>>> print(open('data-v6.cif').read())   # mmCIF, C-alpha atoms and all ligand atoms
data_work
loop_
_atom_site.group_PDB
_atom_site.id
_atom_site.type_symbol
_atom_site.label_atom_id
_atom_site.label_comp_id
_atom_site.auth_asym_id
_atom_site.auth_seq_id
_atom_site.Cartn_x
_atom_site.Cartn_y
_atom_site.Cartn_z
ATOM 1 C CA MET A 1132 8.534 35.647 -47.192
ATOM 2 C CA ALA A 1133 6.382 34.804 -44.202
ATOM 3 C CA GLU A 1134 3.434 32.549 -44.908
ATOM 4 C CA ALA A 1135 0.059 34.304 -45.273
ATOM 5 C CA ARG A 1136 -2.146 34.099 -42.194
ATOM 6 C CA VAL A 1137 -5.459 33.092 -43.689
ATOM 7 C CA VAL A 1138 -7.081 30.705 -41.198
ATOM 8 C CA GLU A 1139 -9.637 32.343 -38.905
ATOM 9 C CA ARG A 1140 -8.954 31.245 -35.329
ATOM 10 C CA PHE A 1141 -10.861 33.880 -33.342
ATOM 11 C CA LYS A 1142 -13.724 36.172 -34.329
ATOM 12 C CA LYS A 1143 -13.434 39.925 -33.763
ATOM 13 C CA ARG A 1144 -16.088 39.869 -31.026
ATOM 14 C CA THR A 1145 -14.223 37.071 -29.189
ATOM 15 C CA ILE A 1146 -11.055 39.177 -29.317
ATOM 16 C CA TRP A 1147 -12.876 42.237 -27.932
ATOM 17 C CA PHE A 1148 -14.396 40.119 -25.226
ATOM 18 C CA HIS A 1149 -11.017 38.577 -24.301
ATOM 19 C CA TRP A 1150 -9.290 41.945 -23.837
ATOM 20 C CA ILE A 1151 -12.163 43.705 -22.032
ATOM 21 C CA HIS A 1152 -12.408 40.734 -19.692
ATOM 22 C CA THR A 1153 -8.618 40.725 -19.224
ATOM 23 C CA ALA A 1154 -8.596 44.441 -18.361
ATOM 24 C CA ALA A 1155 -11.315 43.887 -15.746
ATOM 25 C CA PHE A 1156 -9.475 40.834 -14.409
ATOM 26 C CA LEU A 1157 -6.190 42.722 -14.033
ATOM 27 C CA VAL A 1158 -7.912 45.570 -12.155
ATOM 28 C CA LEU A 1159 -9.547 42.991 -9.851
ATOM 29 C CA LEU A 1160 -6.207 41.255 -9.404
ATOM 30 C CA ILE A 1161 -4.405 44.445 -8.380
ATOM 31 C CA THR A 1162 -7.149 45.861 -6.155
ATOM 32 C CA GLY A 1163 -7.661 42.374 -4.656
ATOM 33 C CA ALA A 1164 -3.927 41.973 -3.972
ATOM 34 C CA ILE A 1165 -3.954 45.259 -2.063
ATOM 35 C CA LEU A 1166 -6.551 43.746 0.295
ATOM 36 C CA PHE A 1167 -4.851 40.344 0.344
ATOM 37 C CA PHE A 1168 -1.359 41.461 1.397
ATOM 38 C CA PRO A 1169 -1.712 43.300 4.713
ATOM 39 C CA GLY A 1170 1.586 45.144 4.150
ATOM 40 C CA ILE A 1171 0.200 47.034 1.171
ATOM 41 C CA GLY A 1172 -3.289 47.353 2.643
ATOM 42 C CA ALA A 1173 -3.061 51.036 3.514
ATOM 43 C CA PRO A 1174 -4.651 52.356 0.307
ATOM 44 C CA ALA A 1175 -7.573 49.986 0.837
ATOM 45 C CA ALA A 1176 -8.315 51.464 4.217
ATOM 46 C CA GLY A 1177 -9.651 54.586 2.537
ATOM 47 C CA GLY A 1178 -12.048 52.461 0.530
ATOM 48 C CA LEU A 1179 -10.898 53.613 -2.919
ATOM 49 C CA THR A 1180 -9.469 50.279 -4.033
ATOM 50 C CA ARG A 1181 -12.548 48.502 -2.642
ATOM 51 C CA PHE A 1182 -14.693 50.811 -4.720
ATOM 52 C CA ILE A 1183 -12.607 50.187 -7.862
ATOM 53 C CA HIS A 1184 -12.822 46.408 -7.181
ATOM 54 C CA ARG A 1185 -16.595 46.670 -7.282
ATOM 55 C CA ILE A 1186 -16.630 48.756 -10.478
ATOM 56 C CA ALA A 1187 -14.364 46.179 -12.181
ATOM 57 C CA VAL A 1188 -16.748 43.405 -11.067
ATOM 58 C CA VAL A 1189 -19.464 45.010 -13.207
ATOM 59 C CA PHE A 1190 -17.273 44.548 -16.324
ATOM 60 C CA PHE A 1191 -15.878 41.168 -15.239
ATOM 61 C CA VAL A 1192 -19.388 39.755 -14.824
ATOM 62 C CA GLY A 1193 -21.176 41.945 -17.373
ATOM 63 C CA ALA A 1194 -18.892 41.142 -20.337
ATOM 64 C CA PRO A 1195 -19.518 37.354 -20.292
ATOM 65 C CA ILE A 1196 -23.270 37.901 -19.828
ATOM 66 C CA VAL A 1197 -23.472 40.263 -22.829
ATOM 67 C CA TYR A 1198 -21.228 37.938 -24.874
ATOM 68 C CA PHE A 1199 -23.395 34.955 -23.956
ATOM 69 C CA PHE A 1200 -26.624 36.604 -25.129
ATOM 70 C CA LEU A 1201 -25.023 37.827 -28.368
ATOM 71 C CA ASN A 1202 -23.366 34.453 -29.110
ATOM 72 C CA PRO A 1203 -25.293 31.720 -27.286
ATOM 73 C CA ARG A 1204 -24.111 28.896 -29.558
ATOM 74 C CA MET A 1205 -20.434 29.793 -29.351
ATOM 75 C CA SER A 1206 -20.686 30.281 -25.596
ATOM 76 C CA LEU A 1207 -22.377 26.932 -25.025
ATOM 77 C CA HIS A 1208 -19.751 25.325 -27.247
ATOM 78 C CA PHE A 1209 -17.032 26.891 -25.075
ATOM 79 C CA ILE A 1210 -18.644 25.484 -21.899
ATOM 80 C CA ARG A 1211 -19.152 22.044 -23.434
ATOM 81 C CA GLU A 1212 -15.576 21.963 -24.741
ATOM 82 C CA THR A 1213 -14.232 22.994 -21.319
ATOM 83 C CA LEU A 1214 -16.134 20.237 -19.541
ATOM 84 C CA THR A 1215 -15.417 17.408 -22.008
ATOM 85 C CA TRP A 1216 -12.389 15.350 -21.043
ATOM 86 C CA GLY A 1217 -11.277 11.974 -22.374
ATOM 87 C CA LYS A 1218 -8.480 9.545 -23.192
ATOM 88 C CA GLU A 1219 -6.951 11.964 -25.698
ATOM 89 C CA ASP A 1220 -6.284 14.442 -22.913
ATOM 90 C CA LEU A 1221 -4.311 11.801 -21.010
ATOM 91 C CA GLN A 1222 -2.231 11.229 -24.142
ATOM 92 C CA TRP A 1223 -1.575 14.973 -24.315
ATOM 93 C CA PHE A 1224 -0.445 15.025 -20.672
ATOM 94 C CA SER A 1225 1.993 12.161 -21.250
ATOM 95 C CA LYS A 1226 3.552 13.850 -24.309
ATOM 96 C CA ALA A 1227 3.369 17.498 -23.237
ATOM 97 C CA PRO A 1228 6.604 17.797 -21.169
ATOM 98 C CA ASP A 1229 8.737 16.662 -24.106
ATOM 99 C CA TYR A 1230 6.826 18.918 -26.515
ATOM 100 C CA TYR A 1231 7.037 22.075 -24.422
ATOM 101 C CA PHE A 1232 10.775 21.551 -23.891
ATOM 102 C CA GLY A 1233 11.433 21.338 -27.609
ATOM 103 C CA GLY A 1234 10.613 17.690 -28.539
ATOM 104 C CA ALA A 1235 9.433 16.819 -32.047
ATOM 105 C CA GLU A 1236 6.100 18.311 -33.084
ATOM 106 C CA GLU A 1237 4.960 15.081 -34.805
ATOM 107 C CA LYS A 1238 4.953 13.134 -31.536
ATOM 108 C CA MET A 1239 2.036 15.226 -30.256
ATOM 109 C CA PRO A 1240 -1.477 13.835 -30.839
ATOM 110 C CA PRO A 1241 -3.426 16.242 -33.157
ATOM 111 C CA GLN A 1242 -5.427 18.770 -31.135
ATOM 112 C CA GLY A 1243 -8.862 20.380 -31.528
ATOM 113 C CA HIS A 1244 -9.546 24.130 -31.565
ATOM 114 C CA VAL A 1245 -7.767 24.333 -28.218
ATOM 115 C CA ASN A 1246 -5.273 21.836 -26.821
ATOM 116 C CA THR A 1247 -5.602 20.088 -23.464
ATOM 117 C CA GLY A 1248 -3.437 22.690 -21.690
ATOM 118 C CA GLN A 1249 -5.608 25.512 -22.975
ATOM 119 C CA LYS A 1250 -8.664 23.536 -21.916
ATOM 120 C CA MET A 1251 -7.170 23.319 -18.443
ATOM 121 C CA TRP A 1252 -6.889 27.126 -18.406
ATOM 122 C CA GLN A 1253 -10.495 27.405 -19.580
ATOM 123 C CA LEU A 1254 -11.518 25.121 -16.697
ATOM 124 C CA VAL A 1255 -9.636 27.292 -14.200
ATOM 125 C CA VAL A 1256 -11.202 30.467 -15.656
ATOM 126 C CA LEU A 1257 -14.709 29.000 -15.501
ATOM 127 C CA GLY A 1258 -14.252 27.322 -12.097
ATOM 128 C CA THR A 1259 -12.581 30.257 -10.341
ATOM 129 C CA GLY A 1260 -15.035 32.613 -12.067
ATOM 130 C CA ILE A 1261 -17.927 30.833 -10.325
ATOM 131 C CA LEU A 1262 -16.057 30.805 -6.990
ATOM 132 C CA PHE A 1263 -15.236 34.531 -7.301
ATOM 133 C CA LEU A 1264 -18.849 35.313 -8.124
ATOM 134 C CA ILE A 1265 -20.452 33.379 -5.262
ATOM 135 C CA SER A 1266 -17.936 34.275 -2.546
ATOM 136 C CA GLY A 1267 -17.649 37.880 -3.787
ATOM 137 C CA CYS A 1268 -21.422 38.449 -3.793
ATOM 138 C CA LEU A 1269 -21.694 36.960 -0.294
ATOM 139 C CA MET A 1270 -19.036 39.405 0.949
ATOM 140 C CA TRP A 1271 -20.502 42.334 -0.961
ATOM 141 C CA PHE A 1272 -24.248 42.038 -0.387
ATOM 142 C CA PHE A 1273 -24.685 39.810 2.661
ATOM 143 C CA LYS A 1274 -21.930 40.968 4.985
ATOM 144 C CA ASP A 1275 -24.373 42.138 7.658
ATOM 145 C CA VAL A 1276 -26.557 39.040 7.720
ATOM 146 C CA LEU A 1277 -23.943 36.287 7.353
ATOM 147 C CA ALA A 1278 -22.638 34.309 10.323
ATOM 148 C CA PRO A 1279 -18.991 35.316 10.872
ATOM 149 C CA SER A 1280 -17.823 31.801 9.993
ATOM 150 C CA VAL A 1281 -19.621 31.890 6.616
ATOM 151 C CA PHE A 1282 -18.137 35.296 5.911
ATOM 152 C CA GLY A 1283 -14.714 33.935 6.863
ATOM 153 C CA TRP A 1284 -15.121 31.021 4.465
ATOM 154 C CA SER A 1285 -16.134 33.378 1.666
ATOM 155 C CA VAL A 1286 -12.873 35.261 2.138
ATOM 156 C CA VAL A 1287 -10.878 31.997 2.148
ATOM 157 C CA ILE A 1288 -12.609 30.721 -1.015
ATOM 158 C CA HIS A 1289 -12.087 34.088 -2.731
ATOM 159 C CA ASP A 1290 -8.401 33.961 -1.749
ATOM 160 C CA ILE A 1291 -7.929 30.389 -3.029
ATOM 161 C CA ALA A 1292 -9.522 31.370 -6.363
ATOM 162 C CA PHE A 1293 -7.228 34.421 -6.476
ATOM 163 C CA ILE A 1294 -4.050 32.378 -5.928
ATOM 164 C CA LEU A 1295 -5.054 29.672 -8.419
ATOM 165 C CA ALA A 1296 -6.169 32.095 -11.126
ATOM 166 C CA PHE A 1297 -3.066 34.256 -10.670
ATOM 167 C CA LEU A 1298 -0.606 31.348 -10.930
ATOM 168 C CA MET A 1299 -2.338 29.931 -13.983
ATOM 169 C CA LEU A 1300 -2.492 33.380 -15.564
ATOM 170 C CA LEU A 1301 1.309 33.553 -15.375
ATOM 171 C CA VAL A 1302 1.493 30.288 -17.329
ATOM 172 C CA HIS A 1303 -1.146 31.571 -19.767
ATOM 173 C CA ILE A 1304 0.804 34.782 -20.408
ATOM 174 C CA TYR A 1305 4.109 32.905 -20.745
ATOM 175 C CA LEU A 1306 2.628 30.554 -23.335
ATOM 176 C CA GLY A 1307 0.787 33.309 -25.178
ATOM 177 C CA ILE A 1308 3.692 35.741 -25.413
ATOM 178 C CA ILE A 1309 7.060 34.136 -24.688
ATOM 179 C CA HIS A 1310 7.170 30.381 -25.408
ATOM 180 C CA PRO A 1311 9.257 29.919 -28.589
ATOM 181 C CA ARG A 1312 6.808 27.461 -30.092
ATOM 182 C CA MET A 1313 3.696 29.656 -29.870
ATOM 183 C CA THR A 1314 4.907 32.043 -32.566
ATOM 184 C CA GLU A 1315 1.477 33.076 -33.843
ATOM 185 C CA SER A 1316 -0.474 32.971 -30.609
ATOM 186 C CA LEU A 1317 -0.511 36.628 -29.558
ATOM 187 C CA ARG A 1318 -1.183 37.941 -33.047
ATOM 188 C CA SER A 1319 -4.104 35.538 -33.350
ATOM 189 C CA MET A 1320 -5.622 37.219 -30.272
ATOM 190 C CA TRP A 1321 -5.156 40.545 -32.066
ATOM 191 C CA ASP A 1322 -6.444 40.023 -35.610
ATOM 192 C CA GLY A 1323 -7.912 36.524 -35.291
ATOM 193 C CA LYS A 1324 -5.712 34.868 -37.953
ATOM 194 C CA ILE A 1325 -3.059 32.136 -38.125
ATOM 195 C CA SER A 1326 -1.187 30.504 -41.020
ATOM 196 C CA LYS A 1327 -2.154 27.121 -42.457
ATOM 197 C CA THR A 1328 1.104 25.559 -41.287
ATOM 198 C CA TYR A 1329 0.616 26.824 -37.733
ATOM 199 C CA ALA A 1330 -2.990 25.566 -37.759
ATOM 200 C CA ARG A 1331 -1.889 22.141 -39.045
ATOM 201 C CA ASN A 1332 0.963 21.811 -36.540
ATOM 202 C CA HIS A 1333 -0.808 23.100 -33.429
ATOM 203 C CA TYR A 1334 -4.482 22.278 -33.983
ATOM 204 C CA GLY A 1335 -4.360 19.452 -36.551
ATOM 205 C CA LYS A 1336 -7.687 17.867 -35.671
ATOM 206 C CA TRP A 1337 -9.569 21.188 -35.808
ATOM 207 C CA TYR A 1338 -7.809 22.270 -39.003
ATOM 208 C CA GLY A 1339 -8.697 18.937 -40.612
ATOM 209 C CA GLU A 1340 -12.363 19.510 -39.754
ATOM 210 C CA ILE A 1341 -12.598 23.101 -40.970
ATOM 211 C CA SER A 1342 -10.740 22.398 -44.191
ATOM 212 C CA GLN A 1343 -13.221 19.562 -44.876
ATOM 213 C CA THR A 1344 -16.190 21.945 -44.547
ATOM 214 C CA GLU A 1345 -14.477 24.540 -46.767
ATOM 215 C CA LYS A 1346 -14.291 22.088 -49.680
HETATM 216 C C1 LIG B 1401 -17.370 37.982 -9.570
HETATM 217 C C2 LIG B 1401 -16.416 38.777 -9.338
HETATM 218 C C3 LIG B 1401 -15.977 39.313 -8.005
HETATM 219 C C4 LIG B 1401 -16.689 39.833 -6.959
HETATM 220 C C5 LIG B 1401 -18.208 39.960 -6.846
HETATM 221 C C6 LIG B 1401 -15.747 40.236 -5.963
HETATM 222 C C7 LIG B 1401 -16.062 40.860 -4.761
HETATM 223 C C8 LIG B 1401 -15.194 41.107 -3.736
HETATM 224 C C9 LIG B 1401 -15.516 41.723 -2.476
HETATM 225 C C10 LIG B 1401 -16.910 42.239 -2.094
HETATM 226 C C11 LIG B 1401 -14.417 41.749 -1.721
HETATM 227 C C12 LIG B 1401 -14.289 42.292 -0.296
HETATM 228 C C13 LIG B 1401 -13.744 43.669 -0.427
HETATM 229 C C14 LIG B 1401 -13.803 44.462 0.852
HETATM 230 O O1 LIG B 1401 -13.206 44.002 1.850
HETATM 231 O O2 LIG B 1401 -14.420 45.502 0.831
HETATM 232 C C15 LIG B 1401 -13.339 41.153 -2.491
HETATM 233 C C16 LIG B 1401 -12.050 40.979 -2.058
HETATM 234 C C17 LIG B 1401 -11.035 40.429 -2.806
HETATM 235 N N1 LIG B 1401 -11.105 40.095 -4.143
HETATM 236 FE FE1 LIG B 1401 -12.768 40.064 -5.262
HETATM 237 N N2 LIG B 1401 -14.477 39.952 -6.392
HETATM 238 C C18 LIG B 1401 -14.565 39.383 -7.635
HETATM 239 C C19 LIG B 1401 -13.538 38.957 -8.452
HETATM 240 C C20 LIG B 1401 -12.221 38.940 -8.073
HETATM 241 C C21 LIG B 1401 -11.125 38.561 -8.926
HETATM 242 C C22 LIG B 1401 -11.257 38.146 -10.391
HETATM 243 C C23 LIG B 1401 -9.986 38.632 -8.174
HETATM 244 C C24 LIG B 1401 -8.557 38.346 -8.530
HETATM 245 C C25 LIG B 1401 -8.143 37.792 -9.621
HETATM 246 C C26 LIG B 1401 -10.377 39.047 -6.842
HETATM 247 C C27 LIG B 1401 -9.527 39.181 -5.783
HETATM 248 C C28 LIG B 1401 -9.891 39.583 -4.520
HETATM 249 C C29 LIG B 1401 -8.998 39.545 -3.371
HETATM 250 C C30 LIG B 1401 -7.569 39.010 -3.341
HETATM 251 C C31 LIG B 1401 -9.713 40.077 -2.300
HETATM 252 C C32 LIG B 1401 -9.216 40.268 -0.853
HETATM 253 C C33 LIG B 1401 -9.732 39.132 -0.016
HETATM 254 C C34 LIG B 1401 -9.081 39.185 1.378
HETATM 255 O O3 LIG B 1401 -9.450 40.084 2.150
HETATM 256 O O4 LIG B 1401 -8.207 38.355 1.632
HETATM 257 N N3 LIG B 1401 -11.746 39.245 -6.822
HETATM 258 N N4 LIG B 1401 -13.839 40.784 -3.724
HETATM 259 C C1 LIG B 1402 -2.173 40.057 -20.119
HETATM 260 C C2 LIG B 1402 -2.916 38.995 -20.010
HETATM 261 C C3 LIG B 1402 -3.270 38.040 -21.111
HETATM 262 C C4 LIG B 1402 -2.623 37.746 -22.273
HETATM 263 C C5 LIG B 1402 -1.322 38.319 -22.803
HETATM 264 C C6 LIG B 1402 -3.420 36.747 -22.964
HETATM 265 C C7 LIG B 1402 -3.123 36.203 -24.181
HETATM 266 C C8 LIG B 1402 -3.876 35.249 -24.838
HETATM 267 C C9 LIG B 1402 -3.567 34.697 -26.127
HETATM 268 C C10 LIG B 1402 -2.369 35.087 -26.964
HETATM 269 C C11 LIG B 1402 -4.514 33.777 -26.430
HETATM 270 C C12 LIG B 1402 -4.595 32.929 -27.709
HETATM 271 C C13 LIG B 1402 -3.995 31.577 -27.440
HETATM 272 C C14 LIG B 1402 -3.910 30.762 -28.726
HETATM 273 O O1 LIG B 1402 -4.918 30.206 -29.130
HETATM 274 O O2 LIG B 1402 -2.820 30.701 -29.320
HETATM 275 C C15 LIG B 1402 -5.438 33.722 -25.322
HETATM 276 C C16 LIG B 1402 -6.527 32.875 -25.236
HETATM 277 C C17 LIG B 1402 -7.363 32.799 -24.161
HETATM 278 N N1 LIG B 1402 -7.333 33.626 -23.045
HETATM 279 FE FE1 LIG B 1402 -5.936 35.047 -22.624
HETATM 280 N N2 LIG B 1402 -4.518 36.454 -22.198
HETATM 281 C C18 LIG B 1402 -4.473 37.219 -21.062
HETATM 282 C C19 LIG B 1402 -5.383 37.222 -20.030
HETATM 283 C C20 LIG B 1402 -6.468 36.383 -19.939
HETATM 284 C C21 LIG B 1402 -7.388 36.367 -18.821
HETATM 285 C C22 LIG B 1402 -7.297 37.284 -17.602
HETATM 286 C C23 LIG B 1402 -8.313 35.404 -19.095
HETATM 287 C C24 LIG B 1402 -9.492 34.960 -18.282
HETATM 288 C C25 LIG B 1402 -9.870 35.434 -17.118
HETATM 289 C C26 LIG B 1402 -7.964 34.806 -20.375
HETATM 290 C C27 LIG B 1402 -8.663 33.790 -20.979
HETATM 291 C C28 LIG B 1402 -8.329 33.227 -22.196
HETATM 292 C C29 LIG B 1402 -9.019 32.084 -22.764
HETATM 293 C C30 LIG B 1402 -10.176 31.320 -22.097
HETATM 294 C C31 LIG B 1402 -8.415 31.826 -23.983
HETATM 295 C C32 LIG B 1402 -8.775 30.686 -24.974
HETATM 296 C C33 LIG B 1402 -8.123 29.417 -24.529
HETATM 297 C C34 LIG B 1402 -6.637 29.492 -24.654
HETATM 298 O O3 LIG B 1402 -6.149 29.734 -25.759
HETATM 299 O O4 LIG B 1402 -5.943 29.346 -23.622
HETATM 300 N N3 LIG B 1402 -6.837 35.426 -20.860
HETATM 301 N N4 LIG B 1402 -5.029 34.647 -24.378
#
>>> encode(input="data-v6.cif", output="structure tokens", more="lines below")
Ligand code: HEM
Ligand code: HEM
Amino acid sequence: MAEARVVERFKKRTIWFHWIHTAAFLVLLITGAILFFPGIGAPAAGGLTRFIHRIAVVFFVGAPIVYFFLNPRMSLHFIRETLTWGKEDLQWFSKAPDYYFGGAEEKMPPQGHVNTGQKMWQLVVLGTGILFLISGCLMWFFKDVLAPSVFGWSVVIHDIAFILAFLMLLVHIYLGIIHPRMTESLRSMWDGKISKTYARNHYGKWYGEISQTEK
């Protein structure tokens, strides 16, 4: 029988937030790609995809703002965690290739609530999020007053963020859904729970801490 999944990894509100934000992101990705690739730009000429891009922005920006005000402590923790890097992360980088290609689990240094790779994704999400916001608002609200060169740079920055976020999203999806080692990942982003063994093997440092406070 499969082991009971009793360790809370994500709260319900975090799961809601993740999927609402993902839906908005995917709409932005598709409507953005239509503008980005001239060959498929025809639908954009009518303005519909541009309009949808702007509607999705409201959710893409609104969801984190609402989440932040409802959960300020968790949100600040997320930002702090994303920006804190140290020697342990270097150790993770040196061991990760072996681990992700099937090497022994025990050789990996114990990880916190997210591992270094996930932290890297968080950094990309936060960093590109800020770039999208600034460059996007410049293009949206200040088109008529900006010097053409500044407008041009906004487009370039928006495009760089798009390429970076898209490539990393492919890795994120692969690890979340397909990688043979991440057996409980997707379900944890559905009902919030993982088994004790999975918690111990993947997030040993974090599991050690939360099982201490439970006692
Ligand atoms: C803060 C959020 C965002 C804002 C305010 C924003 C705003 C904009 C605006 C105003 C445009 C110009 C559209 C036009 O020509 O009418 C644009 C284009 C574009 N957006 Fe966004 N956007 C945001 C997020 C995103 C995200 C998350 C993606 C993709 C993952 C994305 C991808 C693109 C792409 C690829 C273009 C086409 C740029 C080009 O012409 O090469 N945007 N965005
Ligand atoms: C179809 C697309 C997506 C899928 C299937 C997906 C899946 C997942 C899964 C399964 C997890 C839990 C990972 C774990 O702890 O085991 C996760 C976490 C997370 N996701 Fe997504 N996600 C998607 C899109 C996105 C997007 C678009 C963003 C941000 C713009 C995002 C941001 C995050 C963050 C910050 C985490 C926590 C850190 C991490 O575990 O990497 N996800 N996602």
>>> closest_residue(input="data-v6.cif", among="A:Phe1182, A:Phe1191, A:Phe1263, A:Phe1141", to="Phe1156 in chain A", atoms="all atoms listed in the file")
A:Phe1191
>>> closest_residue(input="data-v6.cif", among="A:Ser1225, A:Ser1316, A:Thr1213, A:Thr1180", to="Ile1161 in chain A", atoms="all atoms listed in the file")
A:Thr1180
>>> resolve_selection(input="data-v6.cif", expression="the PyMOL selection byres (((not hetatm)) within 6 of (chain B and resi 1401))", output="JSON list (two decimals) with C-alpha atoms, in the coordinates of the input")
[["chain", "number", "residue", "atom", "x", "y", "z"],
["A", 1156, "PHE", "CA", -9.48, 40.83, -14.41],
["A", 1159, "LEU", "CA", -9.55, 42.99, -9.85],
["A", 1160, "LEU", "CA", -6.21, 41.26, -9.40],
["A", 1163, "GLY", "CA", -7.66, 42.37, -4.66],
["A", 1164, "ALA", "CA", -3.93, 41.97, -3.97],
["A", 1166, "LEU", "CA", -6.55, 43.75, 0.30],
["A", 1167, "PHE", "CA", -4.85, 40.34, 0.34],
["A", 1181, "ARG", "CA", -12.55, 48.50, -2.64],
["A", 1188, "VAL", "CA", -16.75, 43.40, -11.07],
["A", 1192, "VAL", "CA", -19.39, 39.76, -14.82],
["A", 1263, "PHE", "CA", -15.24, 34.53, -7.30],
["A", 1264, "LEU", "CA", -18.85, 35.31, -8.12],
["A", 1267, "GLY", "CA", -17.65, 37.88, -3.79],
["A", 1268, "CYS", "CA", -21.42, 38.45, -3.79],
["A", 1270, "MET", "CA", -19.04, 39.40, 0.95],
["A", 1271, "TRP", "CA", -20.50, 42.33, -0.96],
["A", 1286, "VAL", "CA", -12.87, 35.26, 2.14],
["A", 1290, "ASP", "CA", -8.40, 33.96, -1.75],
["A", 1293, "PHE", "CA", -7.23, 34.42, -6.48]]
>>> residues_near_ligand(input="data-v6.cif", ligand="ligand LIG 1402 (chain B)", cutoff="7 Å", atoms="all atoms listed in the file", output="VMD selection string")
chain A and resid 1149 1152 to 1153 1156 to 1157 1245 1249 to 1250 1252 to 1253 1256 1300 1303 to 1304 1307 to 1308 1313 1315 to 1320
>>> closest_residue(input="data-v6.cif", among="A:Ile1294, A:Val1287, A:Val1138, A:Ile1151", to="Ser1326 in chain A", atoms="only C-alpha atoms")
A:Val1138
>>> residues_around(input="data-v6.cif", residues="range 1331-1344 of chain A", least_positions_apart="2", cutoff="7 Å", atoms="all atoms listed in the file", output="list in words")
Pro1241, Gln1242, Gly1243, His1244, Val1245, Lys1327, Thr1328, Tyr1329 and Lys1346 of chain A
>>> resolve_selection(input="data-v6.cif", expression="the PyMOL selection byres (((chain A and resi 1323) around 7) and not hetatm)", output="number ranges by chain")
A: 1139-1143, 1319-1322, 1324
>>> atom_distance(input="data-v6.cif", atom1="CA of Phe1297 in chain A", atom2="CA of His1184 in chain A")
16.0 Å
>>> resolve_selection(input="data-v6.cif", expression="the PyMOL selection byres (((chain A and resi 1227) around 12) and not hetatm)", output="list in words")
Glu1219, Asp1220, Leu1221, Gln1222, Trp1223, Phe1224, Ser1225, Lys1226, Pro1228, Asp1229, Tyr1230, Tyr1231, Phe1232, Gly1233, Gly1234, Ala1235, Glu1236, Glu1237, Lys1238, Met1239, Pro1240, Gln1242, Asn1246, Thr1247 and Gly1248 of chain A
>>> closest_residue(input="data-v6.cif", among="A:Arg1312, A:Arg1144, A:Arg1136, A:Lys1274", to="Asn1202 in chain A", atoms="only C-alpha atoms")
A:Arg1144
>>> atom_distance(input="data-v6.cif", atom1="CA of Ile1291 in chain A", atom2="CA of Thr1259 in chain A")
8.7 Å
>>> atom_distance(input="data-v6.cif", atom1="CA of His1208 in chain A", atom2="CA of Ala1296 in chain A")
22.1 Å
>>> residues_near_point(input="data-v6.cif", point="(-17.9, 34.2, 5.9)", cutoff="12 Å", atoms="all atoms listed in the file", output="list in words")
Ile1265, Ser1266, Gly1267, Cys1268, Leu1269, Met1270, Trp1271, Phe1272, Phe1273, Lys1274, Asp1275, Val1276, Leu1277, Ala1278, Pro1279, Ser1280, Val1281, Phe1282, Gly1283, Trp1284, Ser1285, Val1286, Val1287, Ile1288 and His1289 of chain A
>>> axis_aligned_box(input="data-v6.cif", around="range 1189-1200 of chain A", padding_each_side="4 Å", output="lines of an AutoDock Vina configuration file")
center_x = -21.3
center_y = 40.0
center_z = -19.2
size_x = 18.7
size_y = 18.1
size_z = 19.9
>>> closest_residue(input="data-v6.cif", among="A:Phe1209, A:Gly1193, A:Thr1162, A:Pro1203", to="Gly1178 in chain A", atoms="only C-alpha atoms")
A:Thr1162
>>> closest_residue(input="data-v6.cif", among="A:Leu1257, A:Glu1134, A:Thr1314, A:Ile1309", to="Ile1210 in chain A", atoms="all atoms listed in the file")
A:Leu1257
